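Student: The structure file input_23.cif (mmCIF, C-alpha atoms) is provided below.
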data_structure
loop_
_atom_site.group_PDB
_atom_site.id
_atom_site.type_symbol
_atom_site.label_atom_id
_atom_site.label_comp_id
_atom_site.auth_asym_id
_atom_site.auth_seq_id
_atom_site.Cartn_x
_atom_site.Cartn_y
_atom_site.Cartn_z
ATOM 1 C CA MET H 257 114.311 106.062 76.402
ATOM 2 C CA PRO H 258 113.565 102.321 76.411
ATOM 3 C CA GLY H 259 111.816 101.009 79.511
ATOM 4 C CA ALA H 260 110.695 104.461 80.655
ATOM 5 C CA SER H 261 107.054 104.654 81.657
ATOM 6 C CA GLN H 262 104.809 106.454 79.224
ATOM 7 C CA PRO H 263 102.960 109.548 80.456
ATOM 8 C CA VAL H 264 99.305 108.954 81.200
ATOM 9 C CA GLY H 265 97.079 110.280 78.444
ATOM 10 C CA ARG H 266 94.359 112.895 78.928
ATOM 11 C CA ARG H 267 91.600 110.330 78.468
ATOM 12 C CA GLU H 268 93.052 108.073 81.185
ATOM 13 C CA ARG H 269 93.544 111.049 83.508
ATOM 14 C CA ASN H 270 89.922 112.088 82.993
ATOM 15 C CA LYS H 271 88.719 108.550 83.690
ATOM 16 C CA GLN H 272 90.766 108.423 86.903
ATOM 17 C CA LEU H 273 89.452 111.825 88.014
ATOM 18 C CA LYS H 274 85.866 110.672 87.480
ATOM 19 C CA LEU H 275 86.548 107.458 89.361
ATOM 20 C CA ASP H 276 88.066 109.457 92.232
ATOM 21 C CA ARG H 277 84.993 111.735 92.360
ATOM 22 C CA ILE H 278 82.624 108.760 92.305
ATOM 23 C CA THR H 279 84.564 107.015 95.058
ATOM 24 C CA ALA H 280 84.678 110.143 97.238
ATOM 25 C CA ALA H 281 80.963 110.832 96.746
ATOM 26 C CA ALA H 282 79.924 107.242 97.472
ATOM 27 C CA ARG H 283 82.241 107.036 100.496
ATOM 28 C CA GLU H 284 80.783 110.205 102.019
ATOM 29 C CA LEU H 285 77.134 109.325 101.375
ATOM 30 C CA PHE H 286 77.484 105.698 102.488
ATOM 31 C CA ALA H 287 79.254 106.798 105.690
ATOM 32 C CA GLU H 288 76.531 109.356 106.447
ATOM 33 C CA ARG H 289 73.449 107.244 105.748
ATOM 34 C CA GLY H 290 74.410 103.678 104.888
ATOM 35 C CA VAL H 291 74.376 101.987 101.505
ATOM 36 C CA ASP H 292 70.680 101.071 101.619
ATOM 37 C CA GLU H 293 69.584 104.686 102.168
ATOM 38 C CA VAL H 294 71.562 106.207 99.284
ATOM 39 C CA THR H 295 70.485 106.217 95.632
ATOM 40 C CA THR H 296 72.790 105.975 92.651
ATOM 41 C CA GLN H 297 71.299 109.291 91.459
ATOM 42 C CA GLU H 298 72.483 110.990 94.663
ATOM 43 C CA ILE H 299 75.974 109.599 94.162
ATOM 44 C CA ALA H 300 76.038 110.734 90.524
ATOM 45 C CA ASP H 301 74.823 114.224 91.523
ATOM 46 C CA LYS H 302 77.433 114.555 94.272
ATOM 47 C CA ALA H 303 80.177 113.357 91.887
ATOM 48 C CA ASP H 304 78.867 115.840 89.264
ATOM 49 C CA ILE H 305 78.397 113.199 86.571
ATOM 50 C CA GLY H 306 75.449 111.587 84.824
ATOM 51 C CA THR H 307 74.028 108.289 86.032
ATOM 52 C CA GLY H 308 74.971 106.722 82.698
ATOM 53 C CA THR H 309 78.599 107.623 83.360
ATOM 54 C CA LEU H 310 78.326 106.284 86.906
ATOM 55 C CA PHE H 311 77.171 102.914 85.570
ATOM 56 C CA LEU H 312 80.284 102.676 83.403
ATOM 57 C CA TYR H 313 82.296 102.457 86.627
ATOM 58 C CA ALA H 314 79.889 100.409 88.767
ATOM 59 C CA LYS H 315 76.604 98.830 87.690
ATOM 60 C CA THR H 316 75.013 98.555 91.158
ATOM 61 C CA LYS H 317 75.214 100.116 94.597
ATOM 62 C CA GLY H 318 76.817 96.872 95.740
ATOM 63 C CA GLU H 319 79.637 97.392 93.251
ATOM 64 C CA LEU H 320 79.974 101.008 94.402
ATOM 65 C CA LEU H 321 80.278 99.817 97.994
ATOM 66 C CA LEU H 322 82.958 97.319 96.963
ATOM 67 C CA LEU H 323 84.811 100.142 95.192
ATOM 68 C CA VAL H 324 84.707 102.291 98.337
ATOM 69 C CA GLN H 325 85.391 99.598 100.910
ATOM 70 C CA ASN H 326 88.155 97.788 99.019
ATOM 71 C CA SER H 327 90.566 100.676 99.498
ATOM 72 C CA LEU H 328 89.663 100.949 103.201
ATOM 73 C CA TYR H 329 90.102 97.217 103.739
ATOM 74 C CA ALA H 330 93.434 97.213 101.897
ATOM 75 C CA GLU H 331 94.723 99.969 104.219
ATOM 76 C CA ALA H 332 93.480 98.050 107.278
ATOM 77 C CA PHE H 333 95.126 94.858 106.067
ATOM 78 C CA GLU H 334 98.452 96.625 105.476
ATOM 79 C CA ARG H 335 98.422 97.969 109.044
ATOM 80 C CA GLY H 336 97.657 94.533 110.466
ATOM 81 C CA GLN H 337 100.350 92.825 108.429
ATOM 82 C CA VAL H 338 102.988 95.326 109.584
ATOM 83 C CA ASP H 339 101.915 94.948 113.232
ATOM 84 C CA ALA H 340 101.984 91.139 113.014
ATOM 85 C CA GLU H 341 105.611 91.110 111.842
ATOM 86 C CA ASN H 342 106.799 92.322 115.242
ATOM 87 C CA ILE H 343 104.671 90.015 117.420
ATOM 88 C CA PRO H 344 106.278 86.671 118.297
ATOM 89 C CA ASP H 345 103.200 84.932 119.766
ATOM 90 C CA THR H 346 101.219 83.170 117.012
ATOM 91 C CA LEU H 347 97.727 83.944 118.335
ATOM 92 C CA ASP H 348 98.597 87.580 119.044
ATOM 93 C CA ALA H 349 100.140 87.954 115.572
ATOM 94 C CA VAL H 350 97.053 86.470 113.886
ATOM 95 C CA MET H 351 94.842 88.819 115.897
ATOM 96 C CA ALA H 352 97.036 91.752 114.836
ATOM 97 C CA ILE H 353 96.024 90.938 111.243
ATOM 98 C CA VAL H 354 92.366 90.414 112.155
ATOM 99 C CA ARG H 355 91.853 93.490 114.382
ATOM 100 C CA PRO H 356 92.113 96.322 111.809
ATOM 101 C CA VAL H 357 89.941 94.375 109.344
ATOM 102 C CA VAL H 358 87.193 93.998 111.956
ATOM 103 C CA GLU H 359 87.551 97.654 112.946
ATOM 104 C CA CYS H 360 87.204 98.675 109.295
ATOM 105 C CA ASN H 361 84.154 96.456 108.848
ATOM 106 C CA ARG H 362 82.415 97.983 111.893
ATOM 107 C CA ILE H 363 82.868 101.664 111.021
ATOM 108 C CA GLN H 364 79.358 101.524 109.552
ATOM 109 C CA VAL H 365 77.834 98.162 110.508
ATOM 110 C CA ASP H 366 75.251 97.917 107.712
ATOM 111 C CA ASN H 367 77.821 98.847 105.073
ATOM 112 C CA GLY H 368 80.218 96.258 106.494
ATOM 113 C CA ARG H 369 77.594 93.516 106.347
ATOM 114 C CA VAL H 370 76.533 94.452 102.786
ATOM 115 C CA TYR H 371 80.195 94.446 101.739
ATOM 116 C CA LEU H 372 80.609 90.884 103.022
ATOM 117 C CA ARG H 373 77.391 89.821 101.267
ATOM 118 C CA GLU H 374 78.623 91.319 98.005
ATOM 119 C CA MET H 375 81.935 89.488 98.400
ATOM 120 C CA VAL H 376 80.174 86.147 98.720
ATOM 121 C CA PHE H 377 77.286 86.560 96.295
ATOM 122 C CA GLY H 378 78.524 89.196 93.850
ATOM 123 C CA ASP H 379 79.627 88.621 90.276
ATOM 124 C CA PRO H 380 83.184 87.197 90.402
ATOM 125 C CA ALA H 381 83.857 88.593 86.918
ATOM 126 C CA GLU H 382 83.186 92.149 88.121
ATOM 127 C CA PRO H 383 86.504 93.970 88.835
ATOM 128 C CA HIS H 384 85.599 95.397 92.271
ATOM 129 C CA HIS H 385 84.345 91.987 93.369
ATOM 130 C CA ARG H 386 87.559 90.353 92.139
ATOM 131 C CA GLU H 387 89.553 92.903 94.110
ATOM 132 C CA ALA H 388 87.559 92.128 97.291
ATOM 133 C CA LEU H 389 88.205 88.411 96.840
ATOM 134 C CA ALA H 390 91.889 89.113 96.237
ATOM 135 C CA PHE H 391 91.994 91.064 99.494
ATOM 136 C CA ALA H 392 90.454 88.081 101.312
ATOM 137 C CA GLY H 393 93.100 85.857 99.728
ATOM 138 C CA ARG H 394 95.924 88.164 100.822
ATOM 139 C CA THR H 395 94.549 88.127 104.368
ATOM 140 C CA GLU H 396 94.591 84.321 104.377
ATOM 141 C CA GLU H 397 98.142 84.303 103.003
ATOM 142 C CA ALA H 398 99.274 86.663 105.786
ATOM 143 C CA VAL H 399 97.704 84.434 108.445
ATOM 144 C CA ALA H 400 99.292 81.351 106.855
ATOM 145 C CA ALA H 401 102.687 83.097 106.888
ATOM 146 C CA VAL H 402 102.332 83.702 110.630
ATOM 147 C CA LEU H 403 101.440 80.048 111.192
ATOM 148 C CA ARG H 404 104.439 78.905 109.119
ATOM 149 C CA ARG H 405 106.829 80.647 111.503
ATOM 150 C CA ASP H 406 106.638 77.365 113.395
ATOM 151 C CA ALA H 407 108.857 74.996 111.380
ATOM 152 C CA ARG H 408 106.619 72.058 112.357
ATOM 153 C CA VAL H 409 103.632 73.561 110.506
ATOM 154 C CA SER H 410 103.362 72.409 106.901
ATOM 155 C CA LYS H 411 102.450 74.788 104.098
ATOM 156 C CA GLY H 412 99.201 72.881 103.438
ATOM 157 C CA TYR H 413 98.161 72.855 107.088
ATOM 158 C CA ALA H 414 98.900 76.593 107.407
ATOM 159 C CA ALA H 415 96.821 77.391 104.302
ATOM 160 C CA THR H 416 93.865 75.295 105.498
ATOM 161 C CA THR H 417 93.993 76.770 108.995
ATOM 162 C CA ALA H 418 94.164 80.290 107.528
ATOM 163 C CA ARG H 419 90.983 79.576 105.524
ATOM 164 C CA VAL H 420 89.242 78.501 108.745
ATOM 165 C CA VAL H 421 90.450 81.687 110.477
ATOM 166 C CA SER H 422 89.040 83.677 107.558
ATOM 167 C CA ALA H 423 85.683 81.896 107.863
ATOM 168 C CA VAL H 424 85.556 82.531 111.619
ATOM 169 C CA MET H 425 86.288 86.223 111.051
ATOM 170 C CA PHE H 426 83.742 86.482 108.237
ATOM 171 C CA LEU H 427 80.936 84.848 110.230
ATOM 172 C CA ALA H 428 81.649 86.922 113.326
ATOM 173 C CA MET H 429 81.389 90.136 111.296
ATOM 174 C CA ALA H 430 78.388 89.111 109.183
ATOM 175 C CA ALA H 431 76.194 87.302 111.744
ATOM 176 C CA SER H 432 72.888 89.007 112.554
ATOM 177 C CA VAL H 433 73.334 88.206 116.244
ATOM 178 C CA ASN H 434 76.441 90.437 116.242
ATOM 179 C CA VAL H 435 74.827 93.533 114.715
ATOM 180 C CA ALA H 436 74.909 95.388 118.041
ATOM 181 C CA ALA H 437 78.203 93.862 119.224
ATOM 182 C CA SER H 438 81.185 96.136 119.766
ATOM 183 C CA VAL H 439 84.500 95.677 117.976
ATOM 184 C CA ASP H 440 86.031 94.344 121.197
ATOM 185 C CA GLU H 441 83.216 91.824 121.670
ATOM 186 C CA ILE H 442 83.616 90.535 118.129
ATOM 187 C CA LEU H 443 87.393 90.352 118.483
ATOM 188 C CA ARG H 444 87.064 88.466 121.760
ATOM 189 C CA ASP H 445 84.741 85.946 120.080
ATOM 190 C CA ILE H 446 87.129 85.522 117.136
ATOM 191 C CA ARG H 447 90.141 85.191 119.449
ATOM 192 C CA GLU H 448 88.460 82.464 121.517
ATOM 193 C CA GLN H 449 87.642 80.444 118.385
ATOM 194 C CA ILE H 450 91.103 80.846 116.881
ATOM 195 C CA ALA H 451 92.719 79.899 120.197
ATOM 196 C CA VAL H 452 90.809 76.594 120.131
ATOM 197 C CA LEU H 453 91.808 76.055 116.500
ATOM 198 C CA LEU H 454 95.501 76.649 117.209
ATOM 199 C CA THR H 455 95.615 74.171 120.097
ATOM 200 C CA HIS H 456 94.967 71.264 117.690
#
Show the structure stored in the file as structure tokens.
Tutor:
Amino acid sequence: MPGASQPVGRRERNKQLKLDRITAAARELFAERGVDEVTTQEIADKADIGTGTLFLYAKTKGELLLLVQNSLYAEAFERGQVDAENIPDTLDAVMAIVRPVVECNRIQVDNGRVYLREMVFGDPAEPHHREALAFAGRTEEAVAAVLRRDARVSKGYAATTARVVSAVMFLAMAASVNVAASVDEILRDIREQIAVLLTH
């Protein structure tokens, strides 16, 4: 039948199953001990594959962390975007997008900070890195969409302001001085900065 999707082949299914095992193993080990305390050999052993196979899916622990965290961040972003749709106040709607992302980042503080470092300094040609950057872009687009609810706000101004919001959020999550800060403390700091930004 023309246009019908083709069934996934055995080879593709096997690749996806291995990727799922790698992701589950890395997620569990990183959550237990943090990315810096886990070896790629431990992840390969837990996923029941060889290290050579592991490196076909991710060449470094940083890439493995991106693989794990990208799905978590995407889920957090989706929740925030849905919440923001029903909030009329601009600042509250922007914070509805920001909150679940910050919460996700702080589940394991060291992992969250390494994830942000990988986003900034990782190889942009690497697929997991590209996906992380795409997530950041979608977050900025969602913030810009909230700002554009006001008919007086131009598309260009909304996009620029959304990039500043993204930078504020990034720095608040990544800053060494905030390592011991709670989610609420970080969100309060971000909210105060965005409130100043939105008054101009």
Student: For the file shown, what are the residues hit by the PyMOL selection byres ((chain H and resi 327-341) around 7), laid out as a list in words?
Tutor: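 For this structure, the PyMOL selection byres ((chain H and resi 327-341) around 7) resolves to Val324, Gln325, Asn326, Asn342, Ile343, Ala349, Val350, Ala352, Ile353, Val354, Pro356, Val357, Cys360, Phe391, Thr395 and Ala398 of chain H.
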Student: Residues within 8 Å of H:Thr307, please, as a ChimeraX atom specification. Count all atoms listed in the file; anything in the same chain fewer than 6 positions from it doesn't count.
Tutor: /H:296-297,300
Student: Tell me which of H:Lys315, H:Gly265, H:Leu320, H:Val420 sits closest to H:Ala281, counting only C-alpha atoms.
Tutor: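 Among the listed residues, the smallest separation from H:Ala281 belongs to H:Leu320.
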Student: Check the smallest atom-to-atom distance from each of H:Met351, H:Val365, H:Glu397, H:Phe426 to H:Gly412 using only C-alpha atoms, then report the winner.
Tutor: H:Glu397
Student: Dump as an mmCIF file with C-alpha atoms, keeping the file's coordinate frame all residues having an atom at most 9 Å from (103.0, 83.1, 111.7), computed in the file's coordinates with all atoms listed in the file.
Tutor:
data_model
loop_
_atom_site.group_PDB
_atom_site.id
_atom_site.type_symbol
_atom_site.label_atom_id
_atom_site.label_comp_id
_atom_site.auth_asym_id
_atom_site.auth_seq_id
_atom_site.Cartn_x
_atom_site.Cartn_y
_atom_site.Cartn_z
ATOM 1 C CA ALA H 340 101.984 91.139 113.014
ATOM 2 C CA GLU H 341 105.611 91.110 111.842
ATOM 3 C CA PRO H 344 106.278 86.671 118.297
ATOM 4 C CA ASP H 345 103.200 84.932 119.766
ATOM 5 C CA THR H 346 101.219 83.170 117.012
ATOM 6 C CA LEU H 347 97.727 83.944 118.335
ATOM 7 C CA ALA H 349 100.140 87.954 115.572
ATOM 8 C CA VAL H 350 97.053 86.470 113.886
ATOM 9 C CA ALA H 398 99.274 86.663 105.786
ATOM 10 C CA VAL H 399 97.704 84.434 108.445
ATOM 11 C CA ALA H 400 99.292 81.351 106.855
ATOM 12 C CA ALA H 401 102.687 83.097 106.888
ATOM 13 C CA VAL H 402 102.332 83.702 110.630
ATOM 14 C CA LEU H 403 101.440 80.048 111.192
ATOM 15 C CA ARG H 404 104.439 78.905 109.119
ATOM 16 C CA ARG H 405 106.829 80.647 111.503
ATOM 17 C CA ASP H 406 106.638 77.365 113.395
ATOM 18 C CA ALA H 414 98.900 76.593 107.407
#
Student: Evaluating the PyMOL selection byres ((chain H and resi 433-448) around 10) on the displayed file yields which residues, as a ChimeraX atom specification?
Tutor: /H:347-348,350-351,354-356,358-363,365-366,369,421-422,424-432,449-453
Student: Hey, can you spit out that residue selection with C-alpha atoms as a short mmCIF file (atom, residue, chain, number, x, y, z; two decimals), in the coordinates of the input?
Tutor:
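In the end it all went to again.cif:
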data_model
loop_
_atom_site.label_atom_id
_atom_site.label_comp_id
_atom_site.auth_asym_id
_atom_site.auth_seq_id
_atom_site.Cartn_x
_atom_site.Cartn_y
_atom_site.Cartn_z
CA LEU H 347 97.73 83.94 118.34
CA ASP H 348 98.60 87.58 119.04
CA VAL H 350 97.05 86.47 113.89
CA MET H 351 94.84 88.82 115.90
CA VAL H 354 92.37 90.41 112.16
CA ARG H 355 91.85 93.49 114.38
CA PRO H 356 92.11 96.32 111.81
CA VAL H 358 87.19 94.00 111.96
CA GLU H 359 87.55 97.65 112.95
CA CYS H 360 87.20 98.68 109.30
CA ASN H 361 84.15 96.46 108.85
CA ARG H 362 82.42 97.98 111.89
CA ILE H 363 82.87 101.66 111.02
CA VAL H 365 77.83 98.16 110.51
CA ASP H 366 75.25 97.92 107.71
CA ARG H 369 77.59 93.52 106.35
CA VAL H 421 90.45 81.69 110.48
CA SER H 422 89.04 83.68 107.56
CA VAL H 424 85.56 82.53 111.62
CA MET H 425 86.29 86.22 111.05
CA PHE H 426 83.74 86.48 108.24
CA LEU H 427 80.94 84.85 110.23
CA ALA H 428 81.65 86.92 113.33
CA MET H 429 81.39 90.14 111.30
CA ALA H 430 78.39 89.11 109.18
CA ALA H 431 76.19 87.30 111.74
CA SER H 432 72.89 89.01 112.55
CA GLN H 449 87.64 80.44 118.38
CA ILE H 450 91.10 80.85 116.88
CA ALA H 451 92.72 79.90 120.20
CA VAL H 452 90.81 76.59 120.13
CA LEU H 453 91.81 76.06 116.50
#
Student: Please provide as a PDB file with C-alpha atoms, in the coordinates of the input all residues within 7 Å of H:Ile278, with the sequence filter that same-chain residues fewer than 4 positions apart are discarded (counting all atoms listed in the file).
Tutor:
ATOM      1  CA  LYS H 274      85.866 110.672  87.480  1.00  0.00           C
ATOM      2  CA  ALA H 282      79.924 107.242  97.472  1.00  0.00           C
ATOM      3  CA  ILE H 299      75.974 109.599  94.162  1.00  0.00           C
ATOM      4  CA  ALA H 303      80.177 113.357  91.887  1.00  0.00           C
TER       5      ALA H 303
END
Student: Using only C-alpha atoms, which of the listed residues (H:Gly308, H:Val376, H:Lys411, H:Ala418) sits closest to H:Gly393?
Tutor: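 Checking each of H:Gly308, H:Val376, H:Lys411, H:Ala418 against H:Gly393, counting only C-alpha atoms, the winner is H:Ala418.
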Student: Can you tell me, as AutoDock Vina command-line options, the centre and edge lengths (Å, one decimal) of the axis-aligned box enclosing all of stretch 331-336 of chain H's listed atoms after padding each side by 8 Å?
Tutor:
--center_x 96.0 --center_y 97.3 --center_z 107.3 --size_x 21.0 --size_y 21.4 --size_z 22.2
Student: Please, what distance in Å, to one decimal, runs between atom CA of H:Ala388 and atom CA of H:Met375?
Tutor: 6.3 Å
Student: Go ahead and compute the interatomic distance for atom CA of H:Glu293 and atom CA of H:Gly378, in Å to one decimal.
Tutor: 19.7 Å
Student: Please, what distance in Å, to one decimal, runs between atom CA of H:Thr309 and atom CA of H:Asp379?
Tutor: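 So the two atoms, atom CA of H:Thr309 and atom CA of H:Asp379, lie 20.2 Å apart.
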Student: If the PyMOL selection byres ((chain H and resi 294) around 12) were run on this exact file, what residues would it hold? Put them as a compact mmCIF listing (two decimals) with C-alpha atoms, in the coordinates of the input.
Tutor:
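result22.txt, written as the output of this step:
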# COMPACT_ATOMS: atom_id res chain seq x y z
CA ALA H 281 80.96 110.83 96.75
CA ALA H 282 79.92 107.24 97.47
CA ARG H 283 82.24 107.04 100.50
CA GLU H 284 80.78 110.20 102.02
CA LEU H 285 77.13 109.32 101.38
CA PHE H 286 77.48 105.70 102.49
CA ALA H 287 79.25 106.80 105.69
CA GLU H 288 76.53 109.36 106.45
CA ARG H 289 73.45 107.24 105.75
CA GLY H 290 74.41 103.68 104.89
CA VAL H 291 74.38 101.99 101.50
CA ASP H 292 70.68 101.07 101.62
CA GLU H 293 69.58 104.69 102.17
CA THR H 295 70.48 106.22 95.63
CA THR H 296 72.79 105.98 92.65
CA GLN H 297 71.30 109.29 91.46
CA GLU H 298 72.48 110.99 94.66
CA ILE H 299 75.97 109.60 94.16
CA ALA H 300 76.04 110.73 90.52
CA ASP H 301 74.82 114.22 91.52
CA LYS H 302 77.43 114.56 94.27
CA THR H 316 75.01 98.56 91.16
CA LYS H 317 75.21 100.12 94.60
CA GLY H 318 76.82 96.87 95.74
CA LEU H 320 79.97 101.01 94.40
CA LEU H 321 80.28 99.82 97.99
CA ASN H 367 77.82 98.85 105.07
Student: Under the rule that all atoms listed in the file are counted, which of H:Glu319, H:Asp276, H:Glu268, H:Asp304 is the nearest residue to H:Ala381?
Tutor: H:Glu319
